[in-house]
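Following: one structure in structure tokens, then a few remarks.
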Amino acid sequence: MRIRFSLILAGFLALALSPLGGAGASAGETRLFRIGTGGVSGTYYPVGQGVAHAITNPTGKENCAPMPCGVAHLLAVAQSANGSVSNLEDIREGRIESGFSQSDVAFWAHTASGIYKDAKPFEDIRAIASLYREDIHLVARKSSGIGTINDLRGRRVSLDDPGSGTIVAARIILKAYGLQESELKTQYVKPSDALKKMRAGDLDAFFVVAGTPSKAIADLNAEGLVTLIPIDGPVAARLSKDNPFFSRTAIPADSYNGIDQVRTLGVAALWLVHKDQSEQLVYEITKKFWENLPSVRKLGIHPKLNTINLKSAFASMSVPLHPGARRYYDEVLPAVATINSTQNPN
């Protein structure tokens, strides 16, 4: 893995010092393909490294052993970033070629709703794939007596930082369950600060969207401080029906030591590009990604890579597919791709 990543970095430096790269590169010239991810300690960044491994082949050689070759003359680089919102903005402005985003945040950007209600719709966003599920965790102090969402009334609850995707999802959920923010002692802090407040006894519960298992939540649980509250029942079923970015899911038993299975809602981590990306290039990237993914998994970069599969390539797909990606899915999953392209026309 270190050798391969060094190759990517070396290629990147060479590219930066040459006139090659970019969307307008000629045949045979190296094209730069940046993948906007998240912080280096999160999930997006290592998954992005895995994606980059699968599709990169800056020299265009035909034998890349021990790894299979990616797209000829493509230099793919996982770029650390601030997550969904910044990645969408960077794709819109052409600062990166692709990026990861939660399906709910992508939907709101595409439709100018949620946290983007005062913005211009990002109608040009397109998807390559739904990569993996991210679960909505409602984390409560064990000593708080909170067992259901309704128990949040009058309690100190963080909905996440203003402007985050989590805060909009939390508000949708609270409203569906008949709770007003004014009925809570609501706080608006980042997950890192919520963790500190939990340890200090200054918070009773907080919402966070994260891939399971979340190391931060696992650490709190190992300290005997927290439990998880279900988001389930008819209300959750209605939420998943009314919102294309939500899906009903479950956090498996012992994902966090000693905690049984917890029913909740999930969103998906989508891999996104601008619609103006070349159809042929996106087709090749999609093809190489799925073909080379089994080999990338063997590198042990992150366990989430083991959960990515074609069967869930359209899970919580809240924006249209890019035509290049759709062409690949038409070849390998014609029935599924046809359904998706009908639901999400280009």
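Chain labels follow the order of the structure tokens: the first chain is A, the next B, and so on; residue numbering restarts at 1 in every chain, and ligands are counted from 1 in their shown order.
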
Restrict the calculation to only C-alpha atoms, then for each residue of region 138-248 of chain A with any atom at most 12 Å from an atom of region 261-276 of chain A give the closest atom pair and their distance in Å to one decimal, rows by chain and rising residue number, as CSV.
residue,atom,partner,partner_atom,distance
A:Leu138,CA,A:Thr264,CA,8.7
A:Val139,CA,A:Val262,CA,11.2
A:Gly147,CA,A:Val262,CA,11.7
A:Thr148,CA,A:Val262,CA,11.6
A:Ile149,CA,A:Thr264,CA,11.3
A:Gly165,CA,A:Val267,CA,10.7
A:Thr166,CA,A:Val267,CA,10.5
A:Ala169,CA,A:Val267,CA,9.7
A:Ala170,CA,A:Leu265,CA,10.8
A:Ile172,CA,A:Leu265,CA,11.6
A:Ile173,CA,A:Leu265,CA,9.5
A:Phe207,CA,A:Thr264,CA,11.7
A:Val208,CA,A:Gly266,CA,11.0
A:Val209,CA,A:Gly266,CA,8.1
A:Ala210,CA,A:Gly266,CA,9.1
A:Gly211,CA,A:Ala269,CA,9.0
A:Thr212,CA,A:Gly266,CA,10.5
A:Thr227,CA,A:Val262,CA,10.0
A:Leu228,CA,A:Val262,CA,7.1
A:Ile229,CA,A:Val262,CA,7.2
A:Pro230,CA,A:Arg263,CA,5.2
A:Ile231,CA,A:Thr264,CA,4.4
A:Asp232,CA,A:Arg263,CA,5.7
A:Gly233,CA,A:Arg263,CA,8.9
A:Pro234,CA,A:Thr264,CA,11.9
A:Val235,CA,A:Leu265,CA,10.8
A:Ala236,CA,A:Leu265,CA,7.1
A:Ala237,CA,A:Leu265,CA,9.0
A:Arg238,CA,A:Leu265,CA,11.1
A:Leu239,CA,A:Leu265,CA,8.7
A:Ser240,CA,A:Leu265,CA,7.6
A:Lys241,CA,A:Leu265,CA,11.3
A:Asn243,CA,A:Val267,CA,10.3
A:Pro244,CA,A:Val267,CA,9.3
A:Phe245,CA,A:Val267,CA,5.8
A:Phe246,CA,A:Val267,CA,5.2
A:Ser247,CA,A:Gly266,CA,5.2
A:Arg248,CA,A:Leu265,CA,4.7

DSSP alpha helix (DSSP H) residues within region 141-235 of chain A, as a VMD selection string: chain A and resid 165 to 176 191 to 200 215 to 222 233 to 235

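Shortest atom-to-atom contact with Leu220 (chain A) among A:Glu123, A:Ser130, A:Ser192, A:Asp242: A:Ser192, counting only C-alpha atoms.
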
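The list of residues with at least one atom within 10 Å of Val296 (chain A), based on only C-alpha atoms and without residues fewer than 2 positions apart in the same chain, reads Met1, Gln49, Gly50, Val51, Ala52, His53, Ala54, Met67, Pro68, Phe289, Glu291, Asn292, Leu293, Pro294, Lys298, Leu299, Gly300, Ile301, His302, Leu305 and Asn306 of chain A.
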
Please identify which residues in region 77-222 of chain A DSSP calls strand (DSSP E) from the backbone, and express them as number ranges by chain. A: 77-79, 98-102, 125-141, 156-158, 185-187, 205-210

Hey, what's within 10 Å of region 195-197 of chain A if we count only C-alpha atoms and toss same-chain stuff fewer than 4 positions away? As a ChimeraX atom specification, please? /A:158,189-191,201-206,216-217,219-220
